[in-house]
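Asker: Below: one structure in structure tokens.
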Amino acid sequence: MNLFDWTKEHPLSVLMACTAFILFGGISFFELAFEELPDLQIPEIRIAAAFPGFPPEEMEQLVTIPMENALSTVRDVSSMDSVSKAGISSVTLRFDWGADLDQASLEVRESIDTLYPLLPQGVKKPVVYTSDLSHRPCVTLALIPPPGRGIEELYSLVQYGIKGEFQKLEEVSLVELRGLRKPEVHVDLDMDSLETLNLTVDECSQALSGYLVNRSIGKVEDAGLRRLVKMETGITSPAEIGALSPFPGRNLKLSDIATVQMERREPTSLFLYEGRDGVGIHLFKSASSGTLEAVGSILKILPELQRAYQGRLEIVLIEESGSRIKDSFRSLLSALLWGLAAASAILFLLYRELLIPLITALSIPVTLVLVFFFLYLLKISLNTLSLMGMVVGIGLIADSSIVVLEEISRPGGNLKTVSPALLASALTTIIVFLPPLFIPGITSVLFHDLIVTILLTIALSLPVSHFFTPACFILLGGEDGSKRRSPKRNKPYRKILYISLKHKNRVLTLFFLILGGTILLCLSIPVEILPAQKTGKGVLSLTLPRGKDFKDVRRTAQQVIGDLKKEMKTERIYLESGFDEDNLKARSEARRSLHDLNIHIQFIPGEDEEKLMKIMDQRAFFEPEESLFESLLRGTILENIELLSQDREKLYGFLLPEGYQDQMNQDLPILQFESDRDSLNASGLTGVALLRTLSSEIRGTVAGEILLSGEREKIPVILRASQEYRGSKEDLLQLGFKQENGLIRLGQLGSLSQKIDSAELYRSDRQNMRPIKAFREGKGMTGIEILAKTLPQEIRMKETRGTEGHQLVVLFLFALVLMYLILGMQSGSPWKALLLFSSIPLSLPGSFLLLKIFNQSLNLDSFIGLLILQGTIVNTAILLVSSYKNNSLTQVLTSSAQRLRPVAATTLTTIAALVPVFITAWKREDPNASMTLAVMGGMLLGTILIMIFIPTLFVRSSQRHD
């Protein structure tokens with residue numbers, strides 16, 4: 001008993017079993033996570049360590065290089081980069097996509113645990129960070145003070161009010177602030193008075209620390225309870241500190257020799273919204289929450305916070321990623337429904353009856369619901385890629401159901417006739433899509449969900465077409481079959497095919513002419529990995545000289561924003577720079593300082609970056625806003641240039657040719673003190689003592705902490721020399737050092753010299769590195785080769801050019817070879833395999849032609865479209881050839897005519913399903929437009945050519961072999 005006979009006898013049982021699976025699929029749909037992209041880890045691990053007070057050169061020697069040596073034992077590292085900044089050292093290990101990051105993280109932590117005891121005393125234990133797609137904020141807010149109030153007055157409201165409210169949300173993992181400065185009590189000492197009193201900064205700090213006590217001193221037993229004993233001196237304001245007399249035996253208040261006042265910590269970040277001072281808040285989702293879930297929770301409490309803080313500050317929603325994800329899902333779901341409707345309409349128009357189109361239309365959602373169930377089992381989220389896979393799969397589902405219905409609706413029809421062909425075509429398509437899953441690289445990782453969804457759709461379409469489709473056919477009254485197609489409908493096709501069969505040699509010549517034309521057409525289409533897009537949004541990056549203080553940076557930033565708003569019409573513009581001082585990971589990033597300005601711009605229609613760059617200084621760079629998908633790909637495939645050398649002096653001294661610009665931060669002004677050995681020995685001071693004293697007088701020393709009245713957080717009390725004693729080179733030289741025989745000035749112990757140094761030192765693969773960026777457009781491989789020829793022997797060039805383009809070519813060729821082998825295995829004949837294989841070049845002219853007409857490039861998305869086409873178009877040839885019982889002209893003509901309607905139905909339903917996707921992508925300038933064009937053009941023209949050429953070539957080849 002064959003499958004159709006069994007299903008014919010038990011149609012209701014089959015339908016009940018299918019309904020059970022459909023229920024599982026429906027339940028699974030509501031359990032699937034909704035995300036923009038698949039959940040994946042970025043293959044890099046960063047290790048950051050802090051050593052406050054040390055310049056970049058010493059950080060590199062004392063911390064960075066030892067960490068590099070220790071981490072060199074970690075396996076499977078593809079590259080190692082490091083950055084050394086003042087007080088911060090960071091090493092980034094990069095791995096190939098698909099590497100076992102859990103094992104790598106374990107090895108990194110073991111290496112750090114071994115190294116840490118050997119690092120200099122005072123270095124904080126290095127922290128290990130990993131990255132995933134949640135590294136981008138899901139919501140960005142701006143907090144603007146009302147007129148008449150400054151940013152300083154927002155600290156408590158933001159730190160303990162708004163930030164605390166967001167931290168309570170389970171869906172939020174990190175709240176990052178920009179532009180907020182922590183309060184401090186500054187005790188600025190009069191150094192002349194200290195000299196008169198024979199006191200030093202350290203002695204003042206030690207004396208004051210005895211009055212700034214706020215700590216626990218133990219536990220006592222009280223009435224059977226253990227109570228914690230705390231001691232507080234009760235000082236809650238700067239005025240109370242100034243009123244203290246910390247020097248025993250002297251009738252001297254601290255205010256007599258110092259100015260005590262509330263100040264703010266040295267700024268590490270800046271935030272401006274529309275040119276106004278503000279505080280920026282970046283909210284990041286937790287690992288266990290979806291983006292939509294996190295954004296929903298944040299937006300739910302946002303109106304409450306806006307009402308609660310009304311009048312005290314303005315809370316502005318700048319960006320949230322939930323709307324973008326919803327728009328993407330809405331567009332794809334709409335395209336899916338419209339595609340389903342269009343495919344159903346095509347079927348009704350072709351068959352002019354109800355039964356076959358209705359059952360085929362039902363098989364599509366049934367298969368998709370089953371796909372939901374397996375996506376849940378495989379822990380794949382419902383994202384834009386998996387949804388796209390379902391849209392593409394509509395035509396594949398319809399293909400199997402139409403062929404089955406055509407067969408069983410014929411008098412005497414039997415599933416045995418078409419089952420081998422359907423199985424062979426499904427297996428061929430599956431084999432074609434398997435290589436991308438196993439070839440390493442970001443392409444296979446990012447497109448994993450798309451490919452798996454298509455594979456699931458293909459695999460599940462077989463049981464649906466063999467069980468659900470016949471069961472519905474039987475239950476809906478199709479036992480007696482339906483009327484056979486009138487030969488008159490196929491008369492034009494039969495006539496064309498008859499002429500083709502009579503002129504087989506001419507058809508073969510035309511086939512080779514089409515191949516040649518396809519090659520020429522392909523060469524006329526531009527090639528790029530990712531197509532350029534004008535999104536209307538972007539980030540303008542501008543680096544200011546490190547010598548500018550905070551006021552200069554702020555003034556320059558406001559001026560830049562003012563110029564932009566004056567010359568261009570923008571919908572929104574905000575600026576941020578620096579990092580949250582409590583976020584070590586952010587502090588350790590390269591080119592992440594107060595002086596590295598990032599201006600986020602959203603243009604109104606009609607404005608673009610070309611006009612923007614005419615306004616800006618040549619040091620500015622504009623990067624269009626990209627999706628996570630594009631940023632991951634572009635970050636892998638961009639051609640960045642790194643110059644490497646063991647000799648840093650020669651590396652930095654090399655003059656770059658025109659058109660290239662450094663990405664180094666080499667403009668840090670420094671006053672360097674060089675001691676005179678004889679004078680230092682004569683004074684009795686050691687270098688360490690000199691360093692400690694200078695540090696206390698210039699940077700300051702923390703005497704203790706106080707809890708301000710009404711506040712929740714203790715703030716530090718910092719003593720240092722007043723600004724007038726450390727405001728210039730001459731002032732510093734007059735700083736004194738207490739000795740038994742009197743006071744010694746710094747100028748007597750050495751000299752101060754001015755120099756320019758690097759704010760950040762870069763290394764790559766344990767060599768000194770100089771990052772380069774091609775400033776002038778059009779600097780491609782030719783420019784890189786010219787740069788390489790100008791390099792001295794001591795300097796070599798490391799190109800971080802991605803290999804994605806090469807991998808795509810290899811993948812495509814590998815899939816072609818694999819397909820030919822599979823076709824050979826199925827047909828048992830090399831010439832038949834070659835015949836079936838010829839359907840691929842017959843489909844390519846349509847893809848290239850449509851890409852050319854719509855001015856699209858050959859890019860990553862169009863390549864995926866060609867891969868999908870390659871796996872589906874061959875099915876038409878397989879179904880045609882499998883129906884030929886011999887090579888007689890009459891039999892081939894008749895069988896081909898019988899296959900015309902199911903082939904046309906399959907092709908047109910696939911195209912109809914993709915048309916809504918194309919329209920949506922074209923309107924949004926989405927790269928998916930090129931993918932859908934490649935599939936639609938290839939299916940349309942390819943099917944027409946296959947229906948003419950494959951029967952003709954089959955007859956000619958069979959007769960030659962006979």
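The chains in the structure tokens are called A, B, ... from first to last as shown; in each chain the residues are counted from 1, and the ligands are counted from 1 in the order shown.
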Which residues, written as a PyMOL selection string, have at least one atom at most 7 Å from Ser882 of chain A, with only C-alpha atoms counted and residues fewer than 3 positions away on the same chain left out?
Answerer: chain A and resi 421+878-879
Asker: Write to file, as a PDB file, in the first residue's frame, the residues of the selection just made, with N, CA and C atoms.
Answerer:
```
ATOM      1  N   ALA A 421      10.827  12.374  -7.600  1.00  0.00           N
ATOM      2  CA  ALA A 421      11.271  13.670  -8.131  1.00  0.00           C
ATOM      3  C   ALA A 421      11.202  14.753  -7.067  1.00  0.00           C
ATOM      4  N   ILE A 878      14.389  19.102 -12.686  1.00  0.00           N
ATOM      5  CA  ILE A 878      14.261  17.741 -12.155  1.00  0.00           C
ATOM      6  C   ILE A 878      12.865  17.191 -12.438  1.00  0.00           C
ATOM      7  N   LEU A 879      11.831  18.014 -12.193  1.00  0.00           N
ATOM      8  CA  LEU A 879      10.454  17.557 -12.430  1.00  0.00           C
ATOM      9  C   LEU A 879      10.200  17.295 -13.911  1.00  0.00           C
TER      10      LEU A 879
END
```
Asker: Would you mind telling me which residue in A:Ile496, A:Phe622, A:Leu749, A:Leu523 lies nearest to Leu893 of chain A when using only C-alpha atoms?
Answerer: A:Ile496
Asker: As an exercise, work out the distance from atom CA of Ala904 of chain A to atom CA of Thr943 of chain A in Å and give it to one decimal place.
Answerer: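 Atom-to-atom, atom CA of Ala904 of chain A to atom CA of Thr943 of chain A, that is 7.9 Å.
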Asker: Nearest residue to Thr19 of chain A out of A:Leu212, A:Leu199, A:Val316, A:Val369, using only C-alpha atoms?
Answerer: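 Using only C-alpha atoms, Thr19 of chain A sits closest to A:Val369.
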Asker: Considering only C-alpha atoms, can you say which of A:Phe550, A:Phe54, A:Phe918, A:Phe737 comes closest to Val201 of chain A?
Answerer: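 Checking each candidate against Val201 of chain A, we get A:Phe737 as the closest.
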Asker: Determine which residues of segment 700-744 of chain A DSSP labels as helix (DSSP H, G or I) from the backbone of this structure, then write them out as a compact mmCIF listing (two decimals) with N, CA and C atoms, in the first residue's frame.
Answerer:
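This is the output file part.txt:
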```txt
# COMPACT_ATOMS: atom_id res chain seq x y z
N GLN A 723 44.72 76.90 42.73
CA GLN A 723 44.97 77.00 41.31
C GLN A 723 46.09 77.98 40.99
N GLU A 724 46.22 79.05 41.76
CA GLU A 724 47.23 80.06 41.46
C GLU A 724 48.65 79.54 41.64
N TYR A 725 48.81 78.41 42.35
CA TYR A 725 50.13 77.83 42.56
C TYR A 725 50.45 76.70 41.58
N LYS A 729 53.69 76.82 34.16
CA LYS A 729 55.00 76.19 34.34
C LYS A 729 55.80 76.91 35.41
N GLU A 730 55.73 78.24 35.41
CA GLU A 730 56.48 79.02 36.40
C GLU A 730 55.94 78.78 37.80
N ASP A 731 54.61 78.65 37.93
CA ASP A 731 54.03 78.39 39.25
C ASP A 731 54.49 77.05 39.79
N LEU A 732 54.54 76.05 38.93
CA LEU A 732 54.97 74.72 39.39
C LEU A 732 56.41 74.74 39.86
N LEU A 733 57.25 75.48 39.19
CA LEU A 733 58.66 75.53 39.58
C LEU A 733 58.85 76.17 40.95
```
Asker: What is the distance, in Å and to one decimal place, between atom CA of Arg181 of chain A and atom CA of Val158 of chain A?
Answerer: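 The value is 10.8 Å.
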Asker: Nearest residue to Phe34 of chain A out of A:Ala287, A:Val903, A:Ile325, A:Val14, using only C-alpha atoms?
Answerer: A:Ile325
Asker: Select from segment 238-480 of chain A everything DSSP, run on the backbone, classes as strand (DSSP E), then give the selection as a list in words.
Answerer: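 Matching residues for strand (DSSP E) in segment 238-480 of chain A are Ala258, Thr259, Val260, Gln261, Met262, Glu263, Arg264, Ser269, Leu270, Phe271, Leu272, Tyr273, Arg276, Asp277, Val279, Gly280, Ile281, His282, Leu283, Phe284, Lys285, Glu314, Ile315, Val316, Leu317, Ile318, Glu319 and Glu320 of chain A.
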Asker: If we count only C-alpha atoms, what is near Val717 of chain A at a cut-off of 8 Å, once residues fewer than 2 positions away on the same chain are taken out, given as a list in words?
Answerer: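 So, after excluding close chain neighbours, the residues are Glu184, Val185, His186, Val187, Val702, Ala703, Gly704, Glu705, Ile706, Ile715 and Leu719 of chain A.
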Asker: Go ahead and compute the interatomic distance for atom CA of Met390 of chain A and atom CA of Ile442 of chain A, in Å to one decimal.
Answerer: 21.7 Å
Asker: Pick out the closest residue to Glu171 of chain A from this set: A:Leu313, A:Leu283, A:Leu858, A:Cys522. Count only C-alpha atoms.
Answerer: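 Comparing A:Leu313, A:Leu283, A:Leu858, A:Cys522 against Glu171 of chain A, the winner is A:Leu283.
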